[in-house]
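Below: work.cif (mmCIF, C-alpha atoms and all ligand atoms)
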```
data_coords
#
loop_
_atom_site.label_atom_id
_atom_site.label_comp_id
_atom_site.auth_asym_id
_atom_site.auth_seq_id
_atom_site.Cartn_x
_atom_site.Cartn_y
_atom_site.Cartn_z
CA MET A 1227 0.00 0.00 0.00
CA LEU A 1228 1.34 3.47 -0.86
CA GLU A 1229 2.54 5.11 2.28
CA PHE A 1230 0.48 8.29 1.94
CA LEU A 1231 -2.80 6.32 1.90
CA ARG A 1232 -4.88 5.43 4.96
CA PRO A 1233 -3.95 1.83 5.79
CA ASP A 1234 -7.53 0.93 6.81
CA LEU A 1235 -8.65 1.46 3.20
CA ALA A 1236 -6.52 -1.45 1.97
CA ALA A 1237 -9.19 -3.86 3.20
CA PHE A 1238 -11.95 -2.28 1.07
CA ALA A 1239 -13.20 -3.46 -2.30
CA ALA A 1240 -14.52 -0.94 -4.82
CA TYR A 1241 -18.29 -1.08 -5.31
CA GLN A 1242 -19.17 -3.62 -7.98
CA PRO A 1243 -22.42 -2.75 -9.72
CA HIS A 1244 -23.29 -6.16 -11.20
CA PRO A 1245 -21.28 -8.83 -9.39
CA GLY A 1246 -21.51 -12.41 -10.60
CA GLY A 1247 -18.87 -12.70 -13.26
CA PRO A 1248 -18.35 -11.25 -16.73
CA ASP A 1249 -21.30 -10.77 -19.06
CA ASP A 1250 -21.63 -13.06 -22.06
CA PRO A 1251 -22.33 -10.63 -24.94
CA ALA A 1252 -24.39 -13.33 -26.67
CA ILE A 1253 -26.97 -13.37 -23.86
CA ALA A 1254 -29.46 -10.50 -23.47
CA LEU A 1255 -29.80 -9.86 -19.75
CA ASP A 1256 -32.93 -9.01 -17.80
CA ARG A 1257 -31.33 -6.67 -15.26
CA LEU A 1258 -33.35 -7.46 -12.15
CA ASP A 1259 -30.58 -6.93 -9.60
CA THR A 1260 -30.73 -3.17 -8.90
CA ASN A 1261 -34.43 -2.41 -8.31
CA GLU A 1262 -34.81 0.10 -11.13
CA CYS A 1263 -38.07 0.72 -12.97
CA PRO A 1264 -38.18 -1.54 -16.03
CA TYR A 1265 -39.06 1.40 -18.28
CA SER A 1266 -36.92 4.26 -19.56
CA LEU A 1267 -38.44 7.73 -19.95
CA PRO A 1268 -40.99 7.77 -22.80
CA ASP A 1269 -39.64 9.07 -26.12
CA ASP A 1270 -41.65 12.30 -26.05
CA LEU A 1271 -40.13 13.23 -22.69
CA LYS A 1272 -36.64 12.40 -23.95
CA ASP A 1273 -37.30 14.67 -26.94
CA LYS A 1274 -38.42 17.40 -24.59
CA LEU A 1275 -35.27 17.00 -22.51
CA ALA A 1276 -33.13 17.04 -25.64
CA ARG A 1277 -34.72 20.37 -26.60
CA THR A 1278 -34.01 21.69 -23.10
CA TYR A 1279 -30.40 20.70 -23.62
CA GLU A 1280 -30.27 22.45 -27.01
CA ARG A 1281 -32.04 25.64 -26.04
CA ALA A 1282 -31.81 26.28 -22.33
CA ILE A 1283 -28.63 24.70 -20.98
CA GLU A 1284 -25.49 26.79 -21.38
CA THR A 1285 -22.76 24.17 -21.21
CA ASN A 1286 -20.09 26.78 -20.44
CA ARG A 1287 -21.94 27.86 -17.27
CA TYR A 1288 -22.02 26.13 -13.92
CA PRO A 1289 -25.42 24.66 -13.05
CA ASP A 1290 -27.81 26.25 -10.56
CA GLY A 1291 -25.97 25.45 -7.32
CA SER A 1292 -28.99 26.38 -5.20
CA HIS A 1293 -31.35 23.87 -6.90
CA ALA A 1294 -34.05 26.45 -6.17
CA ASP A 1295 -36.59 25.46 -8.85
CA LEU A 1296 -36.08 21.76 -8.29
CA LYS A 1297 -36.54 22.09 -4.51
CA THR A 1298 -39.80 23.98 -5.01
CA ALA A 1299 -41.08 21.26 -7.35
CA ILE A 1300 -39.94 18.48 -4.98
CA ALA A 1301 -41.64 20.15 -2.00
CA GLU A 1302 -44.90 20.32 -3.92
CA TYR A 1303 -44.62 16.67 -4.97
CA VAL A 1304 -43.80 15.51 -1.41
CA CYS A 1305 -46.92 17.21 -0.03
CA GLU A 1306 -49.18 16.09 -2.87
CA SER A 1307 -48.00 12.46 -2.80
CA ALA A 1308 -48.35 12.33 0.99
CA ALA A 1309 -51.90 13.69 0.76
CA ALA A 1310 -52.68 11.01 -1.83
CA VAL A 1311 -51.94 8.33 0.79
CA GLY A 1312 -53.78 10.16 3.57
CA VAL A 1313 -50.78 11.85 5.21
CA GLU A 1314 -50.85 15.56 5.90
CA ALA A 1315 -47.46 17.21 5.44
CA ALA A 1316 -46.42 20.85 5.03
CA ILE A 1317 -42.96 20.65 3.48
CA ALA A 1318 -41.38 23.94 2.40
CA PRO A 1319 -38.31 24.10 0.11
CA GLU A 1320 -36.11 25.01 3.15
CA ARG A 1321 -36.74 21.47 4.35
CA ILE A 1322 -35.15 19.93 1.24
CA SER A 1323 -31.56 19.26 0.18
CA VAL A 1324 -30.77 17.68 -3.19
CA GLY A 1325 -27.88 15.28 -3.74
CA ASN A 1326 -26.05 13.47 -6.53
CA GLY A 1327 -28.10 10.39 -5.77
CA SER A 1328 -29.18 9.72 -2.20
CA ASP A 1329 -25.74 8.13 -1.80
CA GLU A 1330 -24.25 11.64 -1.69
CA LEU A 1331 -26.75 12.62 1.02
CA ILE A 1332 -25.87 9.53 3.06
CA ARG A 1333 -22.23 10.62 2.99
CA ALA A 1334 -23.20 14.24 3.78
CA LEU A 1335 -25.17 13.07 6.83
CA LEU A 1336 -22.18 11.04 8.05
CA ILE A 1337 -19.89 14.05 7.62
CA ALA A 1338 -22.40 16.28 9.41
CA THR A 1339 -22.85 13.98 12.43
CA CYS A 1340 -19.98 11.54 12.99
CA LEU A 1341 -16.72 12.81 11.55
CA GLY A 1342 -13.92 13.64 13.98
CA ASP A 1343 -14.63 10.69 16.32
CA ARG A 1344 -18.02 12.09 17.34
CA GLY A 1345 -19.73 8.72 17.23
CA ARG A 1346 -21.00 5.59 15.55
CA VAL A 1347 -23.88 4.66 13.31
CA LEU A 1348 -26.33 1.81 13.81
CA VAL A 1349 -27.71 -0.47 11.09
CA ALA A 1350 -29.94 -3.56 11.27
CA GLU A 1351 -28.73 -6.20 8.84
CA PRO A 1352 -29.52 -7.21 6.24
CA THR A 1353 -30.07 -3.69 4.93
CA PHE A 1354 -28.88 -1.27 2.24
CA SER A 1355 -25.11 -1.74 2.14
CA MET A 1356 -24.21 1.90 1.45
CA TYR A 1357 -24.82 3.06 5.04
CA GLY A 1358 -22.04 0.78 6.31
CA ILE A 1359 -19.72 1.15 3.30
CA LEU A 1360 -19.78 4.95 3.27
CA ALA A 1361 -19.37 5.12 7.07
CA ARG A 1362 -16.31 2.88 7.00
CA THR A 1363 -14.65 4.81 4.16
CA LEU A 1364 -14.91 7.87 6.43
CA GLY A 1365 -13.51 5.97 9.40
CA VAL A 1366 -16.88 6.05 11.18
CA PRO A 1367 -17.56 2.90 13.26
CA VAL A 1368 -20.67 0.88 12.45
CA VAL A 1369 -22.63 -1.16 14.97
CA ALA A 1370 -24.80 -3.81 13.34
CA VAL A 1371 -27.75 -5.52 15.03
CA GLY A 1372 -29.92 -8.29 13.63
CA ARG A 1373 -33.54 -8.72 12.64
CA SER A 1374 -36.33 -11.06 13.69
CA PRO A 1375 -37.58 -13.87 11.41
CA ASP A 1376 -40.00 -11.38 9.81
CA PHE A 1377 -37.12 -8.88 9.44
CA ALA A 1378 -38.19 -6.39 12.10
CA ILE A 1379 -35.20 -4.66 13.71
CA ASP A 1380 -33.93 -6.37 16.91
CA LEU A 1381 -34.98 -3.43 19.09
CA ASP A 1382 -33.54 -4.88 22.31
CA ALA A 1383 -30.11 -5.24 20.69
CA ALA A 1384 -30.42 -1.76 19.16
CA SER A 1385 -31.36 -0.21 22.52
CA ALA A 1386 -28.48 -2.04 24.20
CA ALA A 1387 -26.01 -0.76 21.58
CA ILE A 1388 -27.23 2.79 22.08
CA ALA A 1389 -26.97 2.48 25.87
CA ASP A 1390 -23.48 0.92 25.79
CA PRO A 1391 -21.40 3.10 28.18
CA ASP A 1392 -18.10 1.76 26.82
CA ALA A 1393 -18.68 2.76 23.20
CA SER A 1394 -18.85 6.14 21.49
CA PRO A 1395 -22.37 7.59 21.09
CA VAL A 1396 -24.68 6.36 18.34
CA ARG A 1397 -25.31 9.43 16.13
CA ILE A 1398 -27.38 7.93 13.33
CA VAL A 1399 -29.88 5.06 13.26
CA TRP A 1400 -30.29 4.06 9.60
CA THR A 1401 -33.61 2.56 8.56
CA VAL A 1402 -35.24 1.84 5.21
CA HIS A 1403 -39.01 2.05 4.81
CA PRO A 1404 -39.51 -0.51 3.20
CA ASN A 1405 -36.15 -2.19 3.85
CA SER A 1406 -33.84 -3.44 1.13
CA PRO A 1407 -33.28 -6.34 0.56
CA THR A 1408 -36.10 -7.70 2.74
CA ALA A 1409 -38.96 -5.53 1.34
CA ASN A 1410 -40.78 -4.96 4.68
CA ALA A 1411 -41.97 -1.52 5.76
CA LEU A 1412 -41.31 -0.30 9.30
CA SER A 1413 -43.87 -1.78 11.70
CA PRO A 1414 -45.83 0.29 14.24
CA ALA A 1415 -43.54 -1.08 16.99
CA GLU A 1416 -40.41 -0.08 15.09
CA LEU A 1417 -41.83 3.39 14.44
CA ASP A 1418 -42.70 3.77 18.14
CA TRP A 1419 -39.15 2.82 19.05
CA LEU A 1420 -37.76 5.39 16.59
CA ARG A 1421 -40.07 8.01 18.15
CA SER A 1422 -38.62 7.16 21.56
CA LEU A 1423 -35.02 7.93 20.55
CA PRO A 1424 -33.50 11.10 22.03
CA ASP A 1425 -32.84 14.21 19.94
CA SER A 1426 -29.08 13.52 20.14
CA ILE A 1427 -29.59 10.70 17.61
CA LEU A 1428 -30.43 11.35 13.96
CA VAL A 1429 -33.13 8.96 12.77
CA ALA A 1430 -32.63 8.47 9.02
CA ILE A 1431 -35.61 6.93 7.24
CA ASP A 1432 -34.81 6.02 3.65
CA GLU A 1433 -37.99 6.04 1.58
CA ALA A 1434 -36.34 5.10 -1.73
CA TYR A 1435 -39.35 2.86 -2.48
CA PHE A 1436 -42.11 5.18 -1.25
CA GLU A 1437 -43.93 5.26 -4.57
CA PHE A 1438 -44.32 1.47 -4.42
CA SER A 1439 -45.18 1.21 -0.72
CA GLY A 1440 -47.49 4.22 -0.35
CA GLN A 1441 -46.10 4.55 3.20
CA THR A 1442 -44.32 7.64 4.44
CA VAL A 1443 -43.34 9.36 7.68
CA VAL A 1444 -43.07 12.87 6.17
CA GLY A 1445 -46.17 13.86 8.15
CA GLU A 1446 -44.13 13.51 11.36
CA LEU A 1447 -41.14 15.62 10.33
CA ALA A 1448 -42.59 18.88 11.62
CA ALA A 1449 -42.75 17.42 15.15
CA ARG A 1450 -39.43 15.54 15.01
CA PRO A 1451 -36.35 17.69 14.41
CA ASN A 1452 -34.03 14.65 14.64
CA TRP A 1453 -35.72 12.74 11.77
CA ILE A 1454 -34.62 12.93 8.14
CA VAL A 1455 -36.32 11.23 5.21
CA LEU A 1456 -34.31 10.26 2.12
CA ARG A 1457 -35.88 9.83 -1.29
CA THR A 1458 -34.54 9.21 -4.80
CA PHE A 1459 -35.42 9.66 -8.46
CA SER A 1460 -33.55 6.43 -9.25
CA LYS A 1461 -36.46 4.03 -8.76
CA ALA A 1462 -40.11 4.92 -9.51
CA PHE A 1463 -39.13 8.07 -11.47
CA ARG A 1464 -36.93 6.10 -13.89
CA LEU A 1465 -33.92 8.41 -13.57
CA ALA A 1466 -31.17 6.16 -12.16
CA ALA A 1467 -28.91 7.34 -15.00
CA HIS A 1468 -29.17 10.93 -13.77
CA ARG A 1469 -28.27 10.49 -10.06
CA VAL A 1470 -30.77 12.65 -8.19
CA GLY A 1471 -31.81 12.11 -4.57
CA TYR A 1472 -33.19 14.37 -1.87
CA ALA A 1473 -33.38 14.68 1.90
CA ILE A 1474 -36.34 16.12 3.80
CA GLY A 1475 -35.82 17.33 7.35
CA HIS A 1476 -35.54 20.12 9.86
CA PRO A 1477 -34.39 23.39 8.22
CA ASP A 1478 -31.32 23.57 10.52
CA ALA A 1479 -30.21 20.04 9.59
CA ILE A 1480 -30.87 20.77 5.91
CA ALA A 1481 -28.79 23.96 6.16
CA VAL A 1482 -25.84 21.88 7.38
CA LEU A 1483 -26.24 19.38 4.53
CA GLU A 1484 -26.07 22.34 2.16
CA LYS A 1485 -22.77 23.38 3.77
CA VAL A 1486 -21.08 19.99 3.51
CA ARG A 1487 -22.18 18.97 0.01
CA LEU A 1488 -20.09 19.89 -3.04
CA PRO A 1489 -21.03 23.32 -4.44
CA TYR A 1490 -22.22 22.17 -7.89
CA ASN A 1491 -23.15 18.63 -6.98
CA LEU A 1492 -25.96 18.20 -9.46
CA PRO A 1493 -25.28 18.63 -13.21
CA ALA A 1494 -27.62 20.91 -15.14
CA PHE A 1495 -28.93 18.04 -17.26
CA SER A 1496 -29.79 15.97 -14.17
CA GLN A 1497 -31.67 18.93 -12.68
CA ALA A 1498 -33.58 19.31 -15.95
CA ALA A 1499 -34.37 15.59 -16.02
CA ALA A 1500 -35.70 15.62 -12.45
CA SER A 1501 -37.78 18.75 -13.08
CA THR A 1502 -39.22 17.25 -16.26
CA ALA A 1503 -40.00 13.98 -14.47
CA LEU A 1504 -41.86 15.89 -11.76
CA ILE A 1505 -43.89 17.90 -14.27
CA HIS A 1506 -44.88 14.62 -15.95
CA ARG A 1507 -45.21 12.65 -12.73
CA ARG A 1508 -48.74 11.46 -13.40
CA GLU A 1509 -47.66 9.79 -16.63
CA LEU A 1510 -44.47 8.29 -15.17
CA LEU A 1511 -46.06 7.03 -11.97
CA ALA A 1512 -48.91 5.46 -13.93
CA ALA A 1513 -46.63 2.41 -14.26
CA ILE A 1514 -46.71 1.82 -10.47
CA PRO A 1515 -50.01 -0.13 -10.33
CA GLU A 1516 -48.74 -2.48 -13.06
CA ILE A 1517 -45.50 -3.09 -11.14
CA GLN A 1518 -47.43 -3.69 -7.89
CA ALA A 1519 -49.74 -6.15 -9.67
CA GLU A 1520 -46.74 -7.92 -11.23
CA ARG A 1521 -45.09 -8.08 -7.80
CA ASP A 1522 -48.17 -9.78 -6.38
CA ARG A 1523 -48.33 -12.18 -9.34
CA LEU A 1524 -44.65 -13.09 -8.85
CA LEU A 1525 -45.12 -13.50 -5.09
CA ALA A 1526 -48.02 -15.90 -5.58
CA ALA A 1527 -46.02 -17.93 -8.10
CA PHE A 1528 -42.91 -18.02 -5.88
CA ARG A 1529 -45.03 -19.34 -3.02
CA ASP A 1530 -45.70 -22.38 -5.22
CA LEU A 1531 -41.98 -23.12 -5.54
CA PRO A 1532 -41.31 -25.48 -2.63
CA ALA A 1533 -37.56 -24.79 -2.73
CA LEU A 1534 -38.05 -21.11 -1.79
CA THR A 1535 -39.37 -19.21 1.21
CA VAL A 1536 -40.65 -15.76 0.18
CA TRP A 1537 -41.77 -12.81 2.27
CA PRO A 1538 -44.44 -10.18 1.58
CA SER A 1539 -43.19 -7.08 -0.24
CA ASP A 1540 -44.03 -3.40 0.13
CA ALA A 1541 -41.57 -2.52 -2.65
CA ASN A 1542 -40.77 -3.29 -6.30
CA PHE A 1543 -38.65 -6.31 -5.43
CA ILE A 1544 -39.06 -9.65 -3.70
CA TYR A 1545 -36.86 -11.30 -1.10
CA ALA A 1546 -36.50 -15.07 -0.95
CA ARG A 1547 -34.37 -17.62 0.81
CA LEU A 1548 -33.91 -21.35 0.35
CA ALA A 1549 -36.62 -23.27 2.22
CA ALA A 1550 -34.03 -25.88 3.27
CA PRO A 1551 -30.83 -23.85 3.44
CA GLY A 1552 -28.44 -26.69 4.29
CA ALA A 1553 -24.82 -26.27 5.36
CA ASP A 1554 -23.70 -24.00 2.54
CA ALA A 1555 -26.74 -21.98 1.56
CA ASP A 1556 -24.67 -19.09 0.26
CA ALA A 1557 -22.74 -21.32 -2.12
CA ALA A 1558 -26.03 -22.80 -3.34
CA LEU A 1559 -27.52 -19.34 -3.84
CA ALA A 1560 -24.41 -18.08 -5.63
CA ASP A 1561 -24.65 -21.09 -7.93
CA LEU A 1562 -28.34 -20.44 -8.56
CA CYS A 1563 -27.56 -16.82 -9.47
CA ARG A 1564 -24.83 -17.94 -11.87
CA GLN A 1565 -27.20 -20.36 -13.57
CA LEU A 1566 -29.92 -17.72 -13.80
CA LYS A 1567 -27.44 -15.30 -15.30
CA ALA A 1568 -26.33 -17.88 -17.86
CA ARG A 1569 -30.00 -18.07 -18.90
CA GLY A 1570 -30.34 -14.28 -19.04
CA THR A 1571 -31.72 -13.18 -15.65
CA LEU A 1572 -29.58 -11.10 -13.33
CA ILE A 1573 -30.71 -10.99 -9.69
CA ARG A 1574 -28.95 -10.07 -6.44
CA HIS A 1575 -27.56 -12.56 -3.92
CA THR A 1576 -27.46 -10.64 -0.63
CA GLY A 1577 -28.08 -11.03 3.09
CA GLY A 1578 -28.28 -14.82 2.84
CA GLY A 1579 -31.04 -14.67 0.25
CA LEU A 1580 -32.12 -13.51 -3.18
CA ARG A 1581 -33.41 -10.06 -4.06
CA ILE A 1582 -35.36 -10.10 -7.28
CA THR A 1583 -36.52 -6.86 -8.91
CA VAL A 1584 -40.02 -6.82 -10.41
CA GLY A 1585 -39.49 -6.17 -14.11
CA SER A 1586 -41.80 -5.87 -17.10
CA PRO A 1587 -44.37 -8.67 -17.57
CA PRO A 1588 -42.22 -10.52 -20.16
CA GLU A 1589 -39.15 -10.24 -17.90
CA ASN A 1590 -41.13 -11.60 -14.97
CA ASP A 1591 -42.41 -14.49 -17.09
CA ARG A 1592 -38.81 -15.38 -17.90
CA THR A 1593 -37.75 -15.06 -14.24
CA LEU A 1594 -40.47 -17.51 -13.26
CA ALA A 1595 -39.80 -19.96 -16.05
CA ARG A 1596 -36.07 -20.02 -15.31
CA LEU A 1597 -36.55 -20.39 -11.55
CA ARG A 1598 -38.99 -23.25 -12.12
CA GLU A 1599 -36.53 -24.92 -14.43
CA LEU A 1600 -33.67 -24.58 -11.93
CA LEU A 1601 -35.61 -25.27 -8.72
CA GLY A 1602 -38.36 -27.57 -9.87
CA GLY A 1603 -41.93 -26.94 -8.77
CA THR A 1604 -45.25 -27.22 -10.41
CA ALA A 1605 -46.76 -23.76 -10.50
C1 LIG B 1701 -31.79 2.34 -4.65
C2 LIG B 1701 -31.69 2.89 -3.28
C3 LIG B 1701 -31.33 4.22 -3.08
C4 LIG B 1701 -31.05 5.11 -4.24
O1 LIG B 1701 -29.77 5.63 -4.22
P1 LIG B 1701 -29.39 6.73 -5.30
O2 LIG B 1701 -28.00 7.09 -4.88
O3 LIG B 1701 -30.36 7.86 -5.15
O4 LIG B 1701 -29.49 6.10 -6.65
C5 LIG B 1701 -31.26 4.69 -1.79
N1 LIG B 1701 -31.58 3.91 -0.74
C6 LIG B 1701 -31.96 2.63 -0.91
C7 LIG B 1701 -32.33 1.81 0.27
C8 LIG B 1701 -32.01 2.08 -2.18
O5 LIG B 1701 -32.37 0.81 -2.33
#
```
Spit out the file's structure as structure tokens when you get a sec.
Amino acid sequence: MLEFLRPDLAAFAAYQPHPGGPDDPAIALDRLDTNECPYSLPDDLKDKLARTYERAIETNRYPDGSHADLKTAIAEYVCESAAAVGVEAAIAPERISVGNGSDELIRALLIATCLGDRGRVLVAEPTFSMYGILARTLGVPVVAVGRSPDFAIDLDAASAAIADPDASPVRIVWTVHPNSPTANALSPAELDWLRSLPDSILVAIDEAYFEFSGQTVVGELAARPNWIVLRTFSKAFRLAAHRVGYAIGHPDAIAVLEKVRLPYNLPAFSQAAASTALIHRRELLAAIPEIQAERDRLLAAFRDLPALTVWPSDANFIYARLAAPGADADAALADLCRQLKARGTLIRHTGGGLRITVGSPPENDRTLARLRELLGGTA
């Protein structure tokens, strides 16, 4: 290792987007391993964006570093979409910070709370890997607790970790609502526990899959200054290519995120894409009921595969484990993923199970056919 580098970073591996070996160019892949929407933006919206690029974006100028228009549009969408699921929320643009993907906001929150040996973060595994990865790259310790058989957070273990007098303070509790990879939303008991945490702990609630779950805590933000909600345009809004995420929280916390983020973190074209997607949200989000119905169709079919145990899903993906895991379940799952990939279906092996994104109807038909072929089963 070069002497000027931090030695602790030698143990890290760079993030690998599609692990599982090299792609065979002869096989068209159904990419069902990263929970994106199966559909790109419609052509007419791409044309509109192309015209914005031609006519409105000055490539020699820095983008709007304040994200003012985008924040206004996001605030309106957050309130409107909450109202649509029966949640009253008054979110002003001062309560919003926009990041280069929510990944950037996760790092900004770590910088704002933990850097300089101020404390640790808590995760309940299995969960979104970025919370732990980004913390460790910053030298921030991570305490991991487990989950119950239905994937609720082990609240006793979490409370014990927070109360530990021999460890540095827990500054962030990371949660996902619904969780990835296990697809369960926070339960009333988990939410009550989060409400009981002191103001010295930031409660981060990642709602990356809100549009699929219809569940949100944004209605509680006004009363809870230590809560922050994260959202993204990478999933339901079909903009993973553009890297846009946002945080919603107390104006003082948001002001600090604005200080620690990079000055021009969001390229002009990404801002234009997010604004266009919000203007056309009705059309884009019209695909959600189809994806939910496909999810339920897949779930029902997976339940007929005796080799798999599947759990309910509040998201656009399904989590499954082997019904009879045996001594080396992970090797068996890795092998299953390799065989699926050889047939053209890419899924994610994570947390001792399989995370399978709900794709388009033809993709889902192929997922099912290939799983039946590899696992047996009659359905
Ligand atoms: C996909 C996902 C995100 C999105 O991250 P971006 O950086 O905005 O693309 C965030 N959180 C969770 C839990 C996710 O699954």
Please extract the residues at most 9 Å from ligand LIG 1701 (chain B), counting all atoms listed in the file, and provide them as a PDB file with C-alpha atoms, keeping the file's coordinate frame, using the chain letters and residue numbers of this document.
```
ATOM      1  CA  THR A1260     -30.730  -3.170  -8.900  1.00  0.00           C
ATOM      2  CA  ASN A1261     -34.430  -2.410  -8.310  1.00  0.00           C
ATOM      3  CA  GLU A1262     -34.810   0.100 -11.130  1.00  0.00           C
ATOM      4  CA  GLY A1325     -27.880  15.280  -3.740  1.00  0.00           C
ATOM      5  CA  ASN A1326     -26.050  13.470  -6.530  1.00  0.00           C
ATOM      6  CA  GLY A1327     -28.100  10.390  -5.770  1.00  0.00           C
ATOM      7  CA  SER A1328     -29.180   9.720  -2.200  1.00  0.00           C
ATOM      8  CA  ASP A1329     -25.740   8.130  -1.800  1.00  0.00           C
ATOM      9  CA  GLU A1330     -24.250  11.640  -1.690  1.00  0.00           C
ATOM     10  CA  LEU A1331     -26.750  12.620   1.020  1.00  0.00           C
ATOM     11  CA  ILE A1332     -25.870   9.530   3.060  1.00  0.00           C
ATOM     12  CA  THR A1353     -30.070  -3.690   4.930  1.00  0.00           C
ATOM     13  CA  PHE A1354     -28.880  -1.270   2.240  1.00  0.00           C
ATOM     14  CA  SER A1355     -25.110  -1.740   2.140  1.00  0.00           C
ATOM     15  CA  MET A1356     -24.210   1.900   1.450  1.00  0.00           C
ATOM     16  CA  TYR A1357     -24.820   3.060   5.040  1.00  0.00           C
ATOM     17  CA  THR A1401     -33.610   2.560   8.560  1.00  0.00           C
ATOM     18  CA  VAL A1402     -35.240   1.840   5.210  1.00  0.00           C
ATOM     19  CA  HIS A1403     -39.010   2.050   4.810  1.00  0.00           C
ATOM     20  CA  PRO A1404     -39.510  -0.510   3.200  1.00  0.00           C
ATOM     21  CA  ASN A1405     -36.150  -2.190   3.850  1.00  0.00           C
ATOM     22  CA  SER A1406     -33.840  -3.440   1.130  1.00  0.00           C
ATOM     23  CA  PRO A1407     -33.280  -6.340   0.560  1.00  0.00           C
ATOM     24  CA  ASP A1432     -34.810   6.020   3.650  1.00  0.00           C
ATOM     25  CA  GLU A1433     -37.990   6.040   1.580  1.00  0.00           C
ATOM     26  CA  ALA A1434     -36.340   5.100  -1.730  1.00  0.00           C
ATOM     27  CA  TYR A1435     -39.350   2.860  -2.480  1.00  0.00           C
ATOM     28  CA  LEU A1456     -34.310  10.260   2.120  1.00  0.00           C
ATOM     29  CA  ARG A1457     -35.880   9.830  -1.290  1.00  0.00           C
ATOM     30  CA  THR A1458     -34.540   9.210  -4.800  1.00  0.00           C
ATOM     31  CA  PHE A1459     -35.420   9.660  -8.460  1.00  0.00           C
ATOM     32  CA  SER A1460     -33.550   6.430  -9.250  1.00  0.00           C
ATOM     33  CA  LYS A1461     -36.460   4.030  -8.760  1.00  0.00           C
ATOM     34  CA  LEU A1465     -33.920   8.410 -13.570  1.00  0.00           C
ATOM     35  CA  ALA A1466     -31.170   6.160 -12.160  1.00  0.00           C
ATOM     36  CA  ALA A1467     -28.910   7.340 -15.000  1.00  0.00           C
ATOM     37  CA  HIS A1468     -29.170  10.930 -13.770  1.00  0.00           C
ATOM     38  CA  ARG A1469     -28.270  10.490 -10.060  1.00  0.00           C
ATOM     39  CA  VAL A1470     -30.770  12.650  -8.190  1.00  0.00           C
ATOM     40  CA  GLY A1471     -31.810  12.110  -4.570  1.00  0.00           C
ATOM     41  CA  TYR A1472     -33.190  14.370  -1.870  1.00  0.00           C
TER      42      TYR A1472
END
```
**Complete:** As a check of understanding: the span from atom CA of Asp1380 of chain A to atom CA of Gly1577 of chain A is 15.7 Å
As JSON, what would the box around segment 1392-1407 of chain A look like: edges along x, y and z, 5 Å added on every side, centre and edge lengths in Å to one decimal?
```
{"center_x": -28.8, "center_y": 1.5, "center_z": 13.7, "size_x": 31.4, "size_y": 25.8, "size_z": 36.3}
```
**Residues near segment 1418-1430 of chain A, cut-off 12 Å, all atoms listed in the file, skip fewer than 5 positions along chain, as an NGL selection string** = :A and (1328 or 1331-1332 or 1335-1336 or 1338-1340 or 1344-1349 or 1357 or 1378-1382 or 1384-1385 or 1388-1389 or 1395-1403 or 1412-1413 or 1443-1444 or 1446-1447 or 1449-1457 or 1473-1476 or 1479)
**Among the residues A:Leu1600, A:Ala1240, A:Leu1488, A:Ala1498, the one that comes closest to Ala1276 of chain A [using only C-alpha atoms]** =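 Closest to Ala1276 of chain A of all the choices is A:Ala1498.
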